[in-house]
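Dumped model-v2.cif below, it's mmCIF, C-alpha atoms and all ligand atoms:
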```cif
data_model
#
loop_
_atom_site.label_atom_id
_atom_site.label_comp_id
_atom_site.auth_asym_id
_atom_site.auth_seq_id
_atom_site.Cartn_x
_atom_site.Cartn_y
_atom_site.Cartn_z
CA MET S 1 -1.48 15.19 6.73
CA ARG S 2 -0.41 14.04 3.26
CA MET S 3 1.58 10.89 3.63
CA ILE S 4 3.02 8.08 1.53
CA LEU S 5 3.34 4.55 2.94
CA PHE S 6 6.15 2.89 1.07
CA GLY S 7 7.45 -0.69 1.17
CA PRO S 8 7.61 -4.04 -0.59
CA PRO S 9 4.54 -6.22 -1.14
CA GLY S 10 3.39 -7.54 2.24
CA ALA S 11 5.41 -5.02 4.27
CA GLY S 12 2.25 -4.05 6.16
CA LYS S 13 1.37 -0.83 4.32
CA GLY S 14 -2.36 -1.59 4.27
CA THR S 15 -2.35 -2.76 7.90
CA GLN S 16 -0.71 0.48 9.07
CA ALA S 17 -2.77 2.67 6.71
CA LYS S 18 -6.01 1.45 8.30
CA ARG S 19 -4.73 2.36 11.78
CA LEU S 20 -3.46 5.76 10.62
CA GLU S 21 -6.75 6.42 8.84
CA GLU S 22 -8.57 6.05 12.19
CA LEU S 23 -5.99 8.09 14.08
CA PHE S 24 -5.83 11.05 11.71
CA GLY S 25 -9.27 10.91 10.07
CA VAL S 26 -7.88 11.07 6.54
CA PRO S 27 -8.62 8.43 3.87
CA GLN S 28 -6.37 5.56 2.82
CA LEU S 29 -5.89 5.69 -0.95
CA SER S 30 -4.77 2.22 -2.03
CA THR S 31 -4.16 1.88 -5.76
CA GLY S 32 -4.19 -1.92 -5.29
CA ASP S 33 -7.73 -1.77 -3.79
CA MET S 34 -8.88 0.63 -6.53
CA LEU S 35 -7.56 -1.66 -9.25
CA ARG S 36 -9.13 -4.75 -7.65
CA SER S 37 -12.49 -2.90 -7.52
CA ALA S 38 -12.13 -2.05 -11.22
CA ILE S 39 -11.41 -5.72 -11.98
CA LYS S 40 -14.48 -6.79 -9.95
CA ALA S 41 -16.62 -4.25 -11.83
CA GLU S 42 -15.24 -5.65 -15.13
CA SER S 43 -14.53 -2.11 -16.34
CA LYS S 44 -12.24 -1.46 -19.32
CA LEU S 45 -9.52 -0.23 -16.94
CA GLY S 46 -10.02 -3.31 -14.74
CA LYS S 47 -9.63 -5.67 -17.68
CA GLU S 48 -6.43 -3.95 -18.79
CA ALA S 49 -5.00 -3.82 -15.25
CA ALA S 50 -5.74 -7.51 -14.66
CA THR S 51 -3.37 -8.58 -17.44
CA PHE S 52 -0.48 -7.01 -15.49
CA MET S 53 -1.61 -7.83 -11.93
CA ASP S 54 -2.18 -11.50 -12.79
CA VAL S 55 1.53 -11.89 -13.48
CA GLY S 56 2.81 -9.69 -10.64
CA GLN S 57 3.83 -6.76 -12.86
CA LEU S 58 3.13 -3.08 -12.34
CA VAL S 59 0.13 -1.61 -14.13
CA PRO S 60 1.16 1.12 -16.64
CA ASP S 61 1.77 4.53 -15.07
CA GLU S 62 -0.92 6.39 -17.04
CA LEU S 63 -3.68 4.10 -15.69
CA VAL S 64 -2.79 4.47 -12.00
CA VAL S 65 -1.93 8.17 -12.29
CA GLY S 66 -5.40 8.76 -13.76
CA LEU S 67 -7.03 6.87 -10.88
CA ILE S 68 -5.17 8.87 -8.23
CA ALA S 69 -5.69 12.21 -9.97
CA GLU S 70 -9.44 11.63 -9.92
CA ARG S 71 -9.49 10.30 -6.35
CA LEU S 72 -7.54 13.29 -4.98
CA LEU S 73 -10.30 15.62 -6.17
CA ALA S 74 -12.85 14.00 -3.82
CA SER S 75 -13.94 16.12 -0.86
CA ASP S 76 -12.72 13.59 1.74
CA CYS S 77 -9.13 14.31 0.61
CA SER S 78 -9.36 18.02 1.40
CA ASN S 79 -7.68 17.59 4.81
CA GLY S 80 -5.13 15.07 3.59
CA PHE S 81 -4.70 11.43 2.61
CA LEU S 82 -2.57 8.35 3.11
CA LEU S 83 -1.19 6.94 -0.12
CA ASP S 84 -0.76 3.16 0.08
CA GLY S 85 0.99 1.61 -2.91
CA PHE S 86 1.37 4.84 -4.89
CA PRO S 87 3.69 6.14 -6.23
CA ARG S 88 5.55 3.05 -7.39
CA THR S 89 7.76 4.51 -10.13
CA ILE S 90 9.69 7.74 -10.54
CA ALA S 91 7.22 8.74 -13.29
CA GLN S 92 4.32 8.31 -10.82
CA ALA S 93 6.16 10.33 -8.15
CA ASN S 94 6.75 13.17 -10.62
CA ALA S 95 3.09 13.07 -11.69
CA LEU S 96 1.97 13.21 -8.05
CA GLU S 97 4.23 16.17 -7.38
CA ARG S 98 2.74 18.04 -10.36
CA MET S 99 -0.83 17.31 -9.17
CA LEU S 100 -0.05 18.68 -5.72
CA VAL S 101 2.01 21.70 -6.83
CA ASP S 102 -0.87 22.79 -9.05
CA ARG S 103 -2.95 23.06 -5.86
CA GLY S 104 -0.21 24.60 -3.70
CA LEU S 105 0.25 21.36 -1.74
CA GLU S 106 3.07 18.94 -0.98
CA ILE S 107 3.73 15.57 0.66
CA ASP S 108 4.50 15.87 4.40
CA HIS S 109 5.82 12.39 5.19
CA VAL S 110 7.12 9.28 3.43
CA VAL S 111 7.37 6.26 5.70
CA SER S 112 9.21 3.22 4.38
CA ILE S 113 8.26 -0.04 6.11
CA GLU S 114 11.31 -2.27 5.82
CA VAL S 115 10.84 -6.05 5.65
CA PRO S 116 13.41 -8.44 4.09
CA ASP S 117 12.32 -10.51 1.08
CA ASP S 118 12.75 -13.74 3.10
CA ASN S 119 9.80 -12.78 5.36
CA ILE S 120 7.51 -11.64 2.57
CA VAL S 121 6.45 -14.95 1.03
CA ALA S 122 5.37 -16.43 4.40
CA ARG S 123 3.47 -13.25 5.21
CA LEU S 124 1.58 -13.09 1.96
CA GLU S 125 0.75 -16.77 1.55
CA ALA S 126 -1.11 -16.67 4.90
CA ARG S 127 -2.86 -13.32 4.29
CA ARG S 128 -6.65 -13.40 4.21
CA SER S 129 -8.85 -10.41 3.31
CA CYS S 130 -12.52 -9.59 3.75
CA PRO S 131 -14.17 -9.16 0.32
CA GLU S 132 -16.80 -6.86 1.86
CA CYS S 133 -14.80 -4.28 3.85
CA CYS S 134 -11.18 -5.07 2.74
CA ALA S 135 -10.05 -5.76 6.36
CA VAL S 136 -6.78 -7.71 6.32
CA PHE S 137 -5.79 -10.67 8.50
CA HIS S 138 -2.94 -13.15 8.76
CA LEU S 139 -3.63 -16.78 9.72
CA LYS S 140 -0.74 -16.77 12.23
CA TYR S 141 0.16 -13.16 13.13
CA VAL S 142 -3.18 -11.33 12.88
CA PRO S 143 -5.86 -14.07 13.03
CA PRO S 144 -9.58 -13.19 13.04
CA ASN S 145 -11.36 -13.72 16.39
CA VAL S 146 -13.68 -16.29 14.77
CA ALA S 147 -12.12 -18.50 12.08
CA ASN S 148 -12.86 -17.37 8.51
CA THR S 149 -15.03 -14.44 9.72
CA CYS S 150 -14.24 -10.73 9.46
CA ASP S 151 -13.85 -9.02 12.87
CA LYS S 152 -14.86 -5.66 11.40
CA CYS S 153 -18.07 -6.38 9.45
CA GLY S 154 -18.91 -9.98 10.41
CA HIS S 155 -18.74 -11.24 6.81
CA GLU S 156 -18.18 -15.01 6.67
CA GLY S 157 -15.64 -16.20 4.12
CA LEU S 158 -12.25 -14.51 4.15
CA GLU S 159 -10.44 -14.72 0.82
CA GLN S 160 -6.89 -15.23 -0.38
CA ARG S 161 -5.75 -12.75 -3.03
CA THR S 162 -5.03 -14.38 -6.38
CA ASP S 163 -1.61 -12.68 -6.52
CA ASP S 164 -0.59 -14.12 -3.13
CA GLN S 165 0.92 -17.28 -4.64
CA GLU S 166 4.67 -17.77 -4.34
CA ILE S 167 5.46 -17.41 -8.06
CA LYS S 168 3.49 -14.13 -8.30
CA ILE S 169 4.88 -12.83 -5.00
CA ARG S 170 8.40 -13.33 -6.38
CA SER S 171 7.51 -11.38 -9.55
CA ARG S 172 6.06 -8.57 -7.39
CA LEU S 173 9.31 -8.47 -5.41
CA VAL S 174 11.33 -8.18 -8.64
CA ALA S 175 9.08 -5.29 -9.75
CA PHE S 176 9.53 -3.66 -6.35
CA HIS S 177 13.33 -3.85 -6.40
CA GLU S 178 13.69 -2.79 -10.03
CA GLN S 179 11.03 -0.10 -10.39
CA THR S 180 9.93 1.06 -6.92
CA SER S 181 13.06 1.00 -4.74
CA PRO S 182 14.63 4.00 -6.58
CA LEU S 183 11.89 6.11 -5.00
CA LYS S 184 13.66 5.81 -1.66
CA ASP S 185 16.50 8.01 -2.94
CA PHE S 186 13.99 10.32 -4.62
CA TYR S 187 12.29 11.04 -1.26
CA ARG S 188 15.48 10.85 0.81
CA ARG S 189 16.88 13.72 -1.25
CA LYS S 190 13.78 15.72 -0.28
CA SER S 191 14.40 14.85 3.43
CA LEU S 192 10.97 13.24 3.63
CA LEU S 193 11.90 9.58 4.05
CA ARG S 194 11.73 7.72 7.39
CA ASP S 195 12.68 4.01 7.62
CA ILE S 196 10.70 1.80 10.01
CA ASP S 197 11.53 -1.78 11.02
CA GLY S 198 8.49 -3.65 9.69
CA THR S 199 9.51 -7.01 11.16
CA GLN S 200 8.15 -6.04 14.58
CA ALA S 201 4.58 -6.83 15.68
CA PRO S 202 1.95 -4.59 13.97
CA GLU S 203 1.30 -2.49 17.11
CA LYS S 204 5.06 -1.84 17.52
CA VAL S 205 5.31 -0.81 13.87
CA PHE S 206 2.37 1.54 14.44
CA LYS S 207 4.10 3.11 17.45
CA ALA S 208 7.32 3.52 15.46
CA VAL S 209 5.42 5.16 12.59
CA GLN S 210 3.77 7.63 14.98
CA GLU S 211 7.14 8.45 16.57
CA SER S 212 8.67 9.05 13.16
CA LEU S 213 5.85 11.46 12.26
CA SER S 214 6.29 13.46 15.45
CA LYS S 215 10.01 13.94 14.73
CA ARG S 216 9.34 15.99 11.62
P1 LIG X 301 -1.13 -3.77 -3.80
O1 LIG X 301 -2.49 -4.20 -3.47
O2 LIG X 301 -0.72 -2.39 -3.49
O3 LIG X 301 -0.12 -4.82 -3.22
P2 LIG X 301 1.36 -4.70 -2.62
O4 LIG X 301 2.07 -3.43 -2.69
O5 LIG X 301 2.02 -5.85 -3.25
O6 LIG X 301 1.14 -4.75 -1.14
P3 LIG X 301 0.21 -5.69 -0.37
O7 LIG X 301 -1.19 -5.20 -0.38
O8 LIG X 301 0.44 -7.11 -0.86
O9 LIG X 301 0.87 -5.63 1.08
P4 LIG X 301 0.84 -4.54 2.23
O10 LIG X 301 2.17 -3.90 2.34
O11 LIG X 301 -0.35 -3.65 2.15
O12 LIG X 301 0.70 -5.54 3.46
P5 LIG X 301 -0.55 -5.90 4.39
O13 LIG X 301 -0.81 -4.82 5.36
O14 LIG X 301 -1.70 -6.41 3.58
O15 LIG X 301 -0.88 -3.96 -5.38
C1 LIG X 301 -1.26 -5.15 -6.04
C2 LIG X 301 -0.91 -5.02 -7.52
O16 LIG X 301 -1.62 -3.92 -8.10
C3 LIG X 301 0.56 -4.74 -7.83
O17 LIG X 301 1.31 -5.94 -7.89
C4 LIG X 301 0.45 -4.06 -9.19
O18 LIG X 301 0.23 -5.00 -10.21
C5 LIG X 301 -0.82 -3.23 -9.04
N1 LIG X 301 -0.55 -1.86 -8.54
C6 LIG X 301 -0.99 -1.33 -7.37
N2 LIG X 301 -0.57 -0.06 -7.24
C7 LIG X 301 0.15 0.21 -8.37
C8 LIG X 301 0.86 1.34 -8.80
N3 LIG X 301 0.94 2.47 -8.06
N4 LIG X 301 1.49 1.27 -9.99
C9 LIG X 301 1.43 0.17 -10.77
N5 LIG X 301 0.78 -0.97 -10.39
C10 LIG X 301 0.14 -0.93 -9.20
O19 LIG X 301 0.11 -7.13 5.20
C11 LIG X 301 0.47 -8.34 4.55
C12 LIG X 301 0.19 -9.52 5.50
O20 LIG X 301 1.07 -9.44 6.60
C13 LIG X 301 -1.23 -9.51 6.10
O21 LIG X 301 -1.65 -10.84 6.26
C14 LIG X 301 -1.05 -8.83 7.47
O22 LIG X 301 -2.03 -9.24 8.39
C15 LIG X 301 0.35 -9.27 7.84
N6 LIG X 301 1.09 -8.26 8.60
C16 LIG X 301 1.05 -6.92 8.48
N7 LIG X 301 1.90 -6.33 9.34
C17 LIG X 301 2.53 -7.34 9.97
C18 LIG X 301 3.55 -7.38 10.98
N8 LIG X 301 4.10 -6.24 11.46
N9 LIG X 301 3.97 -8.61 11.43
C19 LIG X 301 3.41 -9.76 10.92
N10 LIG X 301 2.45 -9.78 9.98
C20 LIG X 301 2.01 -8.58 9.51
#
```
What would the structure in this file look like if it were written as structure tokens?
Amino acid sequence: MRMILFGPPGAGKGTQAKRLEELFGVPQLSTGDMLRSAIKAESKLGKEAATFMDVGQLVPDELVVGLIAERLLASDCSNGFLLDGFPRTIAQANALERMLVDRGLEIDHVVSIEVPDDNIVARLEARRSCPECCAVFHLKYVPPNVANTCDKCGHEGLEQRTDDQEIKIRSRLVAFHEQTSPLKDFYRRKSLLRDIDGTQAPEKVFKAVQESLSKR
């Protein structure tokens, strides 16, 4: 199972990736999470990435391609992986294809979670994440069982991402439409793309994703 979860910021890629990770036993590879870890670690890459992420722009291709190329070599990816937030440009998609071809592999599925821009700001402004285990909640739609406490690891103190402010969300949406949307045609031409209505409740989206995988 080598799959790409595609969609605008806040579409629910991470939410679905965590469910699929449990179902299929393959790791979620989130370039956003990797970059945030690099920022937390104050690495050179993290410092460079932060200058782009702080303003809602995409991080340069060579930085994220390097991260993914290294991550794909890890033993837990030998049976597959779920890419969440990568590729995000045609250059990244071509680089991914080259990495896989070199190892006689290919992508099996690309699932596009479709959510209109109008829903995105409300979704992201009320997102809260666990800084310990990266579990994701929503104050209204996916609230934690105990306020401000992670259901998964019990950590107290859920956090709001610094890029989940309206002005930055709008920049991320511009980046998505200008630089990432063209990937839909790229994968449609390869007959890999499946569109899913991401405005349904998370469990319904999950069911629709599973159905789309079984059709291929
Ligand atoms: P990244 O972390 O990948 O952010 P993103 O793509 O903007 O996506 P999000 O994580 O915001 O949303 P999601 O789709 O995972 O939604 P979630 O499940 O959390 O990237 C951040 C930044 O890093 C980028 O802006 C860029 O600068 C950089 N970057 C990362 N990858 C890069 C790359 N490849 N190239 C260049 N730069 C890169 O859900 C959102 C909220 O909605 C949650 O609160 C959730 O609980 C709720 N929710 C989920 N599903 C539903 C539902 N069905 N109904 C109602 N609420 C729902």
Minimum-distance residue to ligand LIG 301 (chain X), chosen among S:Leu100, S:Ala201, S:Leu63, S:Leu23 (using all atoms listed in the file):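 Smallest distance to ligand LIG 301 (chain X) is found for S:Ala201.
The nearest approach to ligand LIG 301 (chain X) among the residues S:Val111, S:Cys133, S:Ile120, S:Ala38, with all atoms listed in the file taken into account, belongs to S:Ile120.
Separating CA of Gly85 (chain S) from atom C7 of ligand LIG 301 (chain X) is a distance of 5.7 Å.
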What's around Phe176 (chain S) at 8 Å? Count only C-alpha atoms, leave out sequence neighbours fewer than 3 positions away in its own chain, and write the answer as a PDB file with C-alpha atoms, keeping the file's coordinate frame.
```
ATOM      1  CA  PRO S   8       7.610  -4.040  -0.590  1.00  0.00           C
ATOM      2  CA  PRO S   9       4.540  -6.220  -1.140  1.00  0.00           C
ATOM      3  CA  ARG S  88       5.550   3.050  -7.390  1.00  0.00           C
ATOM      4  CA  ARG S 172       6.060  -8.570  -7.390  1.00  0.00           C
ATOM      5  CA  LEU S 173       9.310  -8.470  -5.410  1.00  0.00           C
ATOM      6  CA  GLN S 179      11.030  -0.100 -10.390  1.00  0.00           C
ATOM      7  CA  THR S 180       9.930   1.060  -6.920  1.00  0.00           C
ATOM      8  CA  SER S 181      13.060   1.000  -4.740  1.00  0.00           C
TER       9      SER S 181
END
```
Could you give me, as JSON lines, a per-residue list for chain S showing, wherever an atom lies at most 7 Å from an atom of ligand LIG 301 (chain X), the closest pair of atoms and their distance in Å to one decimal, using only C-alpha atoms and all ligand atoms and sorting by chain then residue number from low to high?
```
{"residue": "S:Gly7", "atom": "CA", "partner": "X:LIG301", "partner_atom": "O10", "distance": 6.3}
{"residue": "S:Pro8", "atom": "CA", "partner": "X:LIG301", "partner_atom": "O4", "distance": 6.0}
{"residue": "S:Pro9", "atom": "CA", "partner": "X:LIG301", "partner_atom": "O5", "distance": 3.3}
{"residue": "S:Gly10", "atom": "CA", "partner": "X:LIG301", "partner_atom": "O9", "distance": 3.4}
{"residue": "S:Ala11", "atom": "CA", "partner": "X:LIG301", "partner_atom": "O10", "distance": 3.9}
{"residue": "S:Gly12", "atom": "CA", "partner": "X:LIG301", "partner_atom": "O13", "distance": 3.3}
{"residue": "S:Lys13", "atom": "CA", "partner": "X:LIG301", "partner_atom": "O10", "distance": 3.7}
{"residue": "S:Gly14", "atom": "CA", "partner": "X:LIG301", "partner_atom": "O11", "distance": 3.6}
{"residue": "S:Thr15", "atom": "CA", "partner": "X:LIG301", "partner_atom": "O13", "distance": 3.6}
{"residue": "S:Gln16", "atom": "CA", "partner": "X:LIG301", "partner_atom": "O13", "distance": 6.5}
{"residue": "S:Ser30", "atom": "CA", "partner": "X:LIG301", "partner_atom": "O2", "distance": 6.3}
{"residue": "S:Thr31", "atom": "CA", "partner": "X:LIG301", "partner_atom": "N2", "distance": 4.3}
{"residue": "S:Gly32", "atom": "CA", "partner": "X:LIG301", "partner_atom": "O1", "distance": 3.4}
{"residue": "S:Asp33", "atom": "CA", "partner": "X:LIG301", "partner_atom": "O1", "distance": 5.8}
{"residue": "S:Leu35", "atom": "CA", "partner": "X:LIG301", "partner_atom": "O16", "distance": 6.5}
{"residue": "S:Phe52", "atom": "CA", "partner": "X:LIG301", "partner_atom": "O18", "distance": 5.7}
{"residue": "S:Met53", "atom": "CA", "partner": "X:LIG301", "partner_atom": "O18", "distance": 3.8}
{"residue": "S:Gly56", "atom": "CA", "partner": "X:LIG301", "partner_atom": "O17", "distance": 4.9}
{"residue": "S:Gln57", "atom": "CA", "partner": "X:LIG301", "partner_atom": "O18", "distance": 4.8}
{"residue": "S:Leu58", "atom": "CA", "partner": "X:LIG301", "partner_atom": "N5", "distance": 3.7}
{"residue": "S:Val59", "atom": "CA", "partner": "X:LIG301", "partner_atom": "N5", "distance": 3.8}
{"residue": "S:Pro60", "atom": "CA", "partner": "X:LIG301", "partner_atom": "C9", "distance": 6.0}
{"residue": "S:Asp61", "atom": "CA", "partner": "X:LIG301", "partner_atom": "N4", "distance": 6.0}
{"residue": "S:Val64", "atom": "CA", "partner": "X:LIG301", "partner_atom": "N4", "distance": 5.7}
{"residue": "S:Asp84", "atom": "CA", "partner": "X:LIG301", "partner_atom": "O2", "distance": 6.6}
{"residue": "S:Gly85", "atom": "CA", "partner": "X:LIG301", "partner_atom": "O2", "distance": 4.4}
{"residue": "S:Phe86", "atom": "CA", "partner": "X:LIG301", "partner_atom": "N3", "distance": 4.0}
{"residue": "S:Pro87", "atom": "CA", "partner": "X:LIG301", "partner_atom": "N3", "distance": 4.9}
{"residue": "S:Arg88", "atom": "CA", "partner": "X:LIG301", "partner_atom": "N3", "distance": 4.7}
{"residue": "S:Arg123", "atom": "CA", "partner": "X:LIG301", "partner_atom": "O20", "distance": 4.7}
{"residue": "S:Leu124", "atom": "CA", "partner": "X:LIG301", "partner_atom": "C12", "distance": 5.2}
{"residue": "S:Ala126", "atom": "CA", "partner": "X:LIG301", "partner_atom": "O21", "distance": 6.0}
{"residue": "S:Arg127", "atom": "CA", "partner": "X:LIG301", "partner_atom": "O21", "distance": 3.4}
{"residue": "S:Arg128", "atom": "CA", "partner": "X:LIG301", "partner_atom": "O21", "distance": 6.0}
{"residue": "S:Val136", "atom": "CA", "partner": "X:LIG301", "partner_atom": "O22", "distance": 5.4}
{"residue": "S:Phe137", "atom": "CA", "partner": "X:LIG301", "partner_atom": "O22", "distance": 4.0}
{"residue": "S:His138", "atom": "CA", "partner": "X:LIG301", "partner_atom": "O21", "distance": 3.6}
{"residue": "S:Tyr141", "atom": "CA", "partner": "X:LIG301", "partner_atom": "N10", "distance": 5.2}
{"residue": "S:Val142", "atom": "CA", "partner": "X:LIG301", "partner_atom": "O22", "distance": 5.1}
{"residue": "S:Arg172", "atom": "CA", "partner": "X:LIG301", "partner_atom": "O17", "distance": 5.5}
{"residue": "S:Gly198", "atom": "CA", "partner": "X:LIG301", "partner_atom": "N8", "distance": 5.4}
{"residue": "S:Thr199", "atom": "CA", "partner": "X:LIG301", "partner_atom": "N8", "distance": 5.5}
{"residue": "S:Gln200", "atom": "CA", "partner": "X:LIG301", "partner_atom": "N8", "distance": 5.1}
{"residue": "S:Ala201", "atom": "CA", "partner": "X:LIG301", "partner_atom": "N8", "distance": 4.3}
{"residue": "S:Pro202", "atom": "CA", "partner": "X:LIG301", "partner_atom": "N8", "distance": 3.7}
{"residue": "S:Val205", "atom": "CA", "partner": "X:LIG301", "partner_atom": "N8", "distance": 6.1}
```
So that I can check the surroundings of Leu82 (chain S), please list as a tab-separated table (two decimals) with C-alpha atoms, keeping the file's coordinate frame every protein, DNA and RNA residue that reaches within 6 Å of it, counting all atoms listed in the file and ignoring chain neighbours fewer than 6 positions away.
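Contents of around09.tsv, as written:
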```
chain	number	residue	atom	x	y	z
S	3	MET	CA	1.58	10.89	3.63
S	4	ILE	CA	3.02	8.08	1.53
S	28	GLN	CA	-6.37	5.56	2.82
S	29	LEU	CA	-5.89	5.69	-0.95
```
- prompt: From the set S:Ser112, S:Asp102, S:Met1, S:Ser129, which residue has the shortest atom-to-atom contact distance to Val209 (chain S), counting only C-alpha atoms?
  reply: S:Ser112
message: I'd like to know which of S:Ala41, S:Leu83, S:Leu67, S:Leu73 is closest to Pro27 (chain S), using all atoms listed in the file.
response: S:Leu83
statement: If you count all atoms listed in the file, the residue of S:Glu42, S:Gln160, S:Thr89, S:Asp197 closest to Leu183 (chain S) turns out to be S:Thr89
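Of note, CA of Lys18 (chain S) and CA of Phe6 (chain S) are spaced 14.2 Å apart.
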Repair of region 55-68 of chain S at the level of N, CA and C atoms, as a PDB file, keeping the file's coordinate frame:
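Dumped everything to out.pdb:
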```
ATOM      1  N   VAL S  55       0.171 -11.347 -13.381  1.00  0.00           N
ATOM      2  CA  VAL S  55       1.530 -11.890 -13.480  1.00  0.00           C
ATOM      3  C   VAL S  55       2.509 -11.141 -12.555  1.00  0.00           C
ATOM      4  N   GLY S  56       1.958 -10.357 -11.639  1.00  0.00           N
ATOM      5  CA  GLY S  56       2.810  -9.690 -10.640  1.00  0.00           C
ATOM      6  C   GLY S  56       3.595  -8.512 -11.177  1.00  0.00           C
ATOM      7  N   GLN S  57       3.135  -7.946 -12.309  1.00  0.00           N
ATOM      8  CA  GLN S  57       3.830  -6.760 -12.860  1.00  0.00           C
ATOM      9  C   GLN S  57       3.088  -5.489 -12.494  1.00  0.00           C
ATOM     10  N   LEU S  58       3.782  -4.362 -12.593  1.00  0.00           N
ATOM     11  CA  LEU S  58       3.130  -3.080 -12.340  1.00  0.00           C
ATOM     12  C   LEU S  58       2.199  -2.728 -13.493  1.00  0.00           C
ATOM     13  N   VAL S  59       1.090  -2.117 -13.149  1.00  0.00           N
ATOM     14  CA  VAL S  59       0.130  -1.610 -14.130  1.00  0.00           C
ATOM     15  C   VAL S  59       0.744  -0.337 -14.738  1.00  0.00           C
ATOM     16  N   PRO S  60       0.522  -0.065 -16.037  1.00  0.00           N
ATOM     17  CA  PRO S  60       1.160   1.120 -16.640  1.00  0.00           C
ATOM     18  C   PRO S  60       0.849   2.422 -15.873  1.00  0.00           C
ATOM     19  N   ASP S  61       1.865   3.277 -15.838  1.00  0.00           N
ATOM     20  CA  ASP S  61       1.770   4.530 -15.070  1.00  0.00           C
ATOM     21  C   ASP S  61       0.508   5.332 -15.386  1.00  0.00           C
ATOM     22  N   GLU S  62       0.192   5.483 -16.689  1.00  0.00           N
ATOM     23  CA  GLU S  62      -0.920   6.390 -17.040  1.00  0.00           C
ATOM     24  C   GLU S  62      -2.245   5.929 -16.430  1.00  0.00           C
ATOM     25  N   LEU S  63      -2.415   4.596 -16.259  1.00  0.00           N
ATOM     26  CA  LEU S  63      -3.680   4.100 -15.690  1.00  0.00           C
ATOM     27  C   LEU S  63      -3.786   4.460 -14.205  1.00  0.00           C
ATOM     28  N   VAL S  64      -2.710   4.197 -13.443  1.00  0.00           N
ATOM     29  CA  VAL S  64      -2.790   4.470 -12.000  1.00  0.00           C
ATOM     30  C   VAL S  64      -2.733   5.968 -11.707  1.00  0.00           C
ATOM     31  N   VAL S  65      -1.990   6.712 -12.502  1.00  0.00           N
ATOM     32  CA  VAL S  65      -1.930   8.170 -12.290  1.00  0.00           C
ATOM     33  C   VAL S  65      -3.331   8.766 -12.490  1.00  0.00           C
ATOM     34  N   GLY S  66      -4.030   8.281 -13.515  1.00  0.00           N
ATOM     35  CA  GLY S  66      -5.400   8.760 -13.760  1.00  0.00           C
ATOM     36  C   GLY S  66      -6.321   8.464 -12.594  1.00  0.00           C
ATOM     37  N   LEU S  67      -6.181   7.256 -12.027  1.00  0.00           N
ATOM     38  CA  LEU S  67      -7.030   6.870 -10.880  1.00  0.00           C
ATOM     39  C   LEU S  67      -6.795   7.794  -9.689  1.00  0.00           C
ATOM     40  N   ILE S  68      -5.509   8.038  -9.403  1.00  0.00           N
ATOM     41  CA  ILE S  68      -5.170   8.870  -8.230  1.00  0.00           C
ATOM     42  C   ILE S  68      -5.570  10.329  -8.465  1.00  0.00           C
TER      43      ILE S  68
END
```
